[in-house]
$ cat input-v4.cif   # mmCIF, C-alpha atoms
data_entry
loop_
_atom_site.label_atom_id
_atom_site.label_comp_id
_atom_site.auth_asym_id
_atom_site.auth_seq_id
_atom_site.Cartn_x
_atom_site.Cartn_y
_atom_site.Cartn_z
CA MET G 1 129.13 96.31 84.68
CA ARG G 2 131.38 96.75 87.65
CA TYR G 3 130.95 97.08 91.36
CA LEU G 4 132.59 100.22 92.66
CA GLN G 5 133.72 99.92 96.24
CA GLY G 6 133.88 103.14 98.17
CA ARG G 7 131.06 104.81 96.22
CA ASN G 8 128.25 106.40 98.16
CA ARG G 9 125.29 104.08 98.55
CA GLU G 10 123.05 106.67 96.92
CA GLU G 11 125.24 106.56 93.80
CA MET G 12 124.90 102.81 93.29
CA SER G 13 122.55 101.91 90.47
CA ILE G 14 121.73 98.96 88.27
CA SER G 15 124.22 100.25 85.72
CA ASN G 16 127.17 99.78 88.07
CA MET G 17 126.24 96.41 89.55
CA ASP G 18 128.64 93.64 88.73
CA GLU G 19 128.16 89.95 88.01
CA THR G 20 128.48 89.09 91.71
CA ASP G 21 125.68 91.49 92.67
CA GLU G 22 123.53 89.92 89.94
CA LYS G 23 124.28 86.41 91.31
CA ILE G 24 123.31 87.51 94.81
CA ILE G 25 120.04 88.98 93.52
CA ARG G 26 119.20 85.78 91.60
CA ILE G 27 119.87 83.67 94.69
CA LEU G 28 117.71 85.93 96.88
CA GLN G 29 114.92 85.95 94.28
CA ALA G 30 114.83 82.15 94.51
CA ASP G 31 115.05 82.12 98.32
CA SER G 32 114.88 85.45 100.15
CA ARG G 33 115.61 83.70 103.46
CA LYS G 34 118.86 82.10 102.35
CA ALA G 35 121.62 82.73 104.88
CA PHE G 36 124.43 85.06 103.86
CA VAL G 37 126.96 82.36 104.75
CA ASP G 38 125.25 79.95 102.32
CA ILE G 39 125.22 82.60 99.58
CA ALA G 40 128.89 83.30 100.28
CA ASN G 41 129.80 79.62 99.94
CA GLU G 42 127.81 79.37 96.71
CA ILE G 43 129.51 82.31 94.99
CA GLY G 44 132.96 82.15 96.60
CA LEU G 45 132.92 85.25 98.81
CA SER G 46 133.12 85.82 102.53
CA GLU G 47 129.91 86.14 104.53
CA SER G 48 130.79 89.75 105.40
CA ALA G 49 131.29 90.63 101.72
CA VAL G 50 127.85 89.22 100.87
CA ARG G 51 126.31 91.07 103.81
CA ARG G 52 127.93 94.36 102.67
CA ARG G 53 126.77 93.89 99.08
CA VAL G 54 123.18 93.11 100.14
CA LYS G 55 123.20 96.17 102.41
CA ASN G 56 124.44 98.35 99.53
CA LEU G 57 121.80 96.89 97.18
CA THR G 58 119.11 97.58 99.77
CA ASP G 59 120.33 101.04 100.77
CA SER G 60 120.54 102.13 97.13
CA GLY G 61 116.98 100.97 96.43
CA ILE G 62 117.96 98.33 93.89
CA VAL G 63 116.54 95.74 96.32
CA LYS G 64 113.36 97.25 97.70
CA ARG G 65 112.15 94.46 99.98
CA PHE G 66 112.44 90.82 100.87
CA THR G 67 109.16 88.99 100.61
CA ILE G 68 107.49 85.62 100.37
CA GLU G 69 105.35 84.12 97.67
CA LEU G 70 102.46 82.00 98.80
CA GLY G 71 101.88 78.63 97.19
CA ALA G 72 98.68 77.59 95.53
CA SER G 73 95.65 78.29 97.65
CA ASP G 74 91.91 78.50 97.38
CA LYS G 75 92.04 82.12 96.28
CA THR G 76 90.63 83.37 93.00
CA SER G 77 92.70 85.74 90.89
CA ALA G 78 91.84 87.98 87.97
CA ILE G 79 93.44 90.46 85.60
CA THR G 80 91.44 93.62 85.08
CA LEU G 81 92.34 95.83 82.13
CA ILE G 82 91.35 99.45 82.72
CA SER G 83 90.84 102.36 80.32
CA VAL G 84 91.41 105.79 81.80
CA SER G 85 89.57 108.85 80.50
CA SER G 86 91.77 111.12 78.40
CA THR G 87 91.15 113.94 80.89
CA ALA G 88 92.20 111.89 83.92
CA ASP G 89 95.68 111.37 85.37
CA THR G 90 96.61 107.68 84.88
CA SER G 91 99.07 107.76 87.80
CA ALA G 92 96.38 109.10 90.13
CA VAL G 93 94.02 106.31 89.06
CA SER G 94 96.83 103.77 89.65
CA GLN G 95 97.41 105.15 93.16
CA ARG G 96 93.70 104.84 93.99
CA LEU G 97 93.67 101.27 92.65
CA MET G 98 96.52 100.28 94.99
CA LYS G 99 94.37 101.29 97.97
CA LEU G 100 91.53 98.89 97.10
CA ALA G 101 91.17 95.63 98.99
CA GLY G 102 92.05 92.75 96.70
CA VAL G 103 94.31 94.67 94.31
CA GLU G 104 97.74 93.02 94.49
CA VAL G 105 99.66 94.64 91.62
CA VAL G 106 99.04 97.55 89.25
CA TYR G 107 100.82 97.98 85.91
CA GLU G 108 100.58 101.06 83.71
CA ILE G 109 100.69 99.64 80.19
CA THR G 110 100.58 100.53 76.51
CA GLY G 111 97.91 99.49 74.05
CA GLN G 112 94.13 99.59 74.08
CA TYR G 113 94.03 99.79 77.89
CA ASP G 114 96.02 102.06 80.19
CA ILE G 115 96.28 99.92 83.33
CA ALA G 116 96.35 96.22 84.18
CA ALA G 117 95.50 95.26 87.78
CA ILE G 118 95.99 91.85 89.34
CA ILE G 119 93.18 91.12 91.80
CA ALA G 120 93.02 88.26 94.30
CA ALA G 121 90.32 87.27 96.76
CA PRO G 122 89.04 84.16 98.52
CA ALA G 123 85.96 83.97 96.28
CA ILE G 124 84.53 85.34 93.04
CA VAL G 125 82.08 87.46 95.07
CA GLU G 126 85.01 89.52 96.41
CA ILE G 127 86.51 89.77 92.91
CA ASN G 128 83.20 91.20 91.68
CA LYS G 129 83.12 93.69 94.58
CA CYS G 130 86.65 94.81 93.74
CA ILE G 131 85.73 95.28 90.06
CA ASP G 132 82.71 97.34 91.11
CA ASP G 133 84.99 99.48 93.29
CA ILE G 134 87.42 99.93 90.37
CA ARG G 135 84.60 101.12 88.11
CA LYS G 136 83.65 103.76 90.71
CA ILE G 137 87.09 105.38 90.63
CA GLU G 138 86.98 108.79 88.99
CA GLY G 139 88.72 108.63 85.63
CA VAL G 140 88.01 104.95 84.91
CA SER G 141 86.07 104.79 81.64
CA ASP G 142 86.08 101.04 80.89
CA THR G 143 87.20 97.69 82.29
CA ASN G 144 87.70 94.19 80.95
CA THR G 145 88.32 91.37 83.41
CA VAL G 146 89.58 87.83 82.87
CA ILE G 147 89.70 85.18 85.61
CA ILE G 148 93.01 83.37 86.00
CA LEU G 149 92.43 79.62 85.71
CA LYS G 150 95.98 78.36 86.19
CA THR G 151 99.37 79.88 87.01
CA MET G 152 102.65 78.33 85.85
CA ARG G 153 106.11 79.55 86.82
#
$ encode --input "input-v4.cif" --output "structure tokens"
Amino acid sequence: MRYLQGRNREEMSISNMDETDEKIIRILQADSRKAFVDIANEIGLSESAVRRRVKNLTDSGIVKRFTIELGASDKTSAITLISVSSTADTSAVSQRLMKLAGVEVVYEITGQYDIAAIIAAPAIVEINKCIDDIRKIEGVSDTNTVIILKTMR
């Protein structure tokens, strides 16, 4: 893979990222607040070169957003597996799921179920409410929910 300077930002894609872009992404995944000057020192570039590369990665959509990940808390999390009726549009069901309070992530998957949703709430009562709301979505034919007991990264 190579980084092509002078290409339009819209033309940049994962296929033409180079090793340096990948290093920058790994560093930012570990600490999205890390200063460009610190990244530059770590990988042997100038601060302005790192800034330009991050801007190109962001403008091209390879990097969509910078975010934080909360540490362990008192929240309850669950994975809900969802079957979609054969006459329903799975993408439309996924879009409706994303609008529900408590739904953090939606994956369209292969296998027995069509969608996996990660749900989080302060208490099991809110998890149950969210599952009830999922079951009311037109096109949802079945659900199976498991509560997450422990997360390891």
$ residues_near_point --input "input-v4.cif" --point "(94.8, 102.1, 95.4)" --cutoff "12 Å" --atoms "all atoms listed in the file" --output "list in words"
Ser91, Ala92, Val93, Ser94, Gln95, Arg96, Leu97, Met98, Lys99, Leu100, Ala101, Gly102, Val103, Glu104, Val105, Val106, Tyr107, Ala117, Ile118, Ile119, Cys130, Asp133, Ile134 and Ile137 of chain G
$ resolve_selection --input "input-v4.cif" --expression "the PyMOL selection byres ((chain G and resi 38-51) around 10)" --output "PDB file with C-alpha atoms, in the frame of the given file"
ATOM      1  CA  THR G  20     128.480  89.090  91.710  1.00  0.00           C
ATOM      2  CA  ASP G  21     125.680  91.490  92.670  1.00  0.00           C
ATOM      3  CA  LYS G  23     124.280  86.410  91.310  1.00  0.00           C
ATOM      4  CA  ILE G  24     123.310  87.510  94.810  1.00  0.00           C
ATOM      5  CA  ILE G  27     119.870  83.670  94.690  1.00  0.00           C
ATOM      6  CA  LEU G  28     117.710  85.930  96.880  1.00  0.00           C
ATOM      7  CA  LYS G  34     118.860  82.100 102.350  1.00  0.00           C
ATOM      8  CA  ALA G  35     121.620  82.730 104.880  1.00  0.00           C
ATOM      9  CA  PHE G  36     124.430  85.060 103.860  1.00  0.00           C
ATOM     10  CA  VAL G  37     126.960  82.360 104.750  1.00  0.00           C
ATOM     11  CA  ARG G  52     127.930  94.360 102.670  1.00  0.00           C
ATOM     12  CA  ARG G  53     126.770  93.890  99.080  1.00  0.00           C
ATOM     13  CA  VAL G  54     123.180  93.110 100.140  1.00  0.00           C
ATOM     14  CA  LYS G  55     123.200  96.170 102.410  1.00  0.00           C
ATOM     15  CA  ASN G  56     124.440  98.350  99.530  1.00  0.00           C
ATOM     16  CA  LEU G  57     121.800  96.890  97.180  1.00  0.00           C
TER      17      LEU G  57
END
$ atom_distance --input "input-v4.cif" --atom1 "atom CA of G:Val125" --atom2 "atom CA of G:Thr151"
20.5 Å
$ closest_residue --input "input-v4.cif" --among "G:Met17, G:Ala30, G:Ile79, G:Ala120" --to "G:Thr67" --atoms "only C-alpha atoms"
G:Ala30
$ atom_distance --input "input-v4.cif" --atom1 "atom CA of G:Gly111" --atom2 "atom CA of G:Gly139"
17.4 Å
$ atom_distance --input "input-v4.cif" --atom1 "atom CA of G:Ile127" --atom2 "atom CA of G:Thr110"
24.1 Å
$ residues_near_point --input "input-v4.cif" --point "(89.8, 94.5, 76.8)" --cutoff "12 Å" --atoms "all atoms listed in the file" --output "list in words"
Ile79, Thr80, Leu81, Ile82, Ser83, Gly111, Gln112, Tyr113, Asp114, Ile115, Ala116, Ser141, Asp142, Thr143, Asn144, Thr145 and Val146 of chain G
$ resolve_selection --input "input-v4.cif" --expression "the PyMOL selection byres ((chain G and resi 65) around 12)" --output "list in words"
Ile25, Leu28, Gln29, Ser32, Arg33, Val54, Lys55, Leu57, Thr58, Asp59, Ser60, Gly61, Ile62, Val63, Lys64, Phe66, Thr67 and Ile68 of chain G
$ closest_residue --input "input-v4.cif" --among "G:Asp31, G:Ile109, G:Ile148, G:Arg135" --to "G:Ala78" --atoms "only C-alpha atoms"
G:Ile148
$ decode --input "input-v4.cif" --residues "stretch 137-151 of chain G" --atoms "N, CA and C atoms" --output "CSV table (one decimal), in the first residue's frame"
chain,number,residue,atom,x,y,z
G,137,ILE,N,-41.0,-3.5,16.4
G,137,ILE,CA,-40.6,-3.0,15.1
G,137,ILE,C,-41.2,-3.9,14.0
G,138,GLU,N,-41.8,-3.3,13.0
G,138,GLU,CA,-42.4,-4.0,11.9
G,138,GLU,C,-41.2,-4.8,11.1
G,139,GLY,N,-41.4,-6.1,10.9
G,139,GLY,CA,-40.4,-6.9,10.2
G,139,GLY,C,-39.6,-7.7,11.2
G,140,VAL,N,-39.6,-7.5,12.5
G,140,VAL,CA,-38.9,-8.3,13.5
G,140,VAL,C,-39.8,-9.5,13.7
G,141,SER,N,-39.3,-10.7,13.5
G,141,SER,CA,-40.1,-11.9,13.7
G,141,SER,C,-39.7,-12.7,14.9
G,142,ASP,N,-38.4,-12.5,15.4
G,142,ASP,CA,-37.9,-13.3,16.6
G,142,ASP,C,-36.7,-12.5,17.2
G,143,THR,N,-36.6,-12.7,18.5
G,143,THR,CA,-35.4,-12.2,19.2
G,143,THR,C,-34.8,-13.2,20.1
G,144,ASN,N,-33.6,-13.1,20.4
G,144,ASN,CA,-32.9,-13.9,21.4
G,144,ASN,C,-31.9,-13.0,22.1
G,145,THR,N,-32.0,-12.8,23.4
G,145,THR,CA,-31.1,-11.8,24.1
G,145,THR,C,-30.3,-12.6,25.2
G,146,VAL,N,-29.0,-12.2,25.2
G,146,VAL,CA,-28.1,-12.6,26.3
G,146,VAL,C,-27.6,-11.4,27.0
G,147,ILE,N,-27.5,-11.5,28.3
G,147,ILE,CA,-26.9,-10.4,29.1
G,147,ILE,C,-25.4,-10.6,29.2
G,148,ILE,N,-24.7,-9.5,29.0
G,148,ILE,CA,-23.2,-9.5,29.1
G,148,ILE,C,-22.8,-9.5,30.5
G,149,LEU,N,-22.1,-10.5,31.0
G,149,LEU,CA,-21.6,-10.5,32.4
G,149,LEU,C,-20.3,-9.8,32.6
G,150,LYS,N,-19.4,-10.0,31.6
G,150,LYS,CA,-18.1,-9.4,31.8
G,150,LYS,C,-17.5,-9.1,30.4
G,151,THR,N,-16.8,-8.0,30.3
G,151,THR,CA,-16.2,-7.6,29.0
G,151,THR,C,-14.7,-7.5,29.2
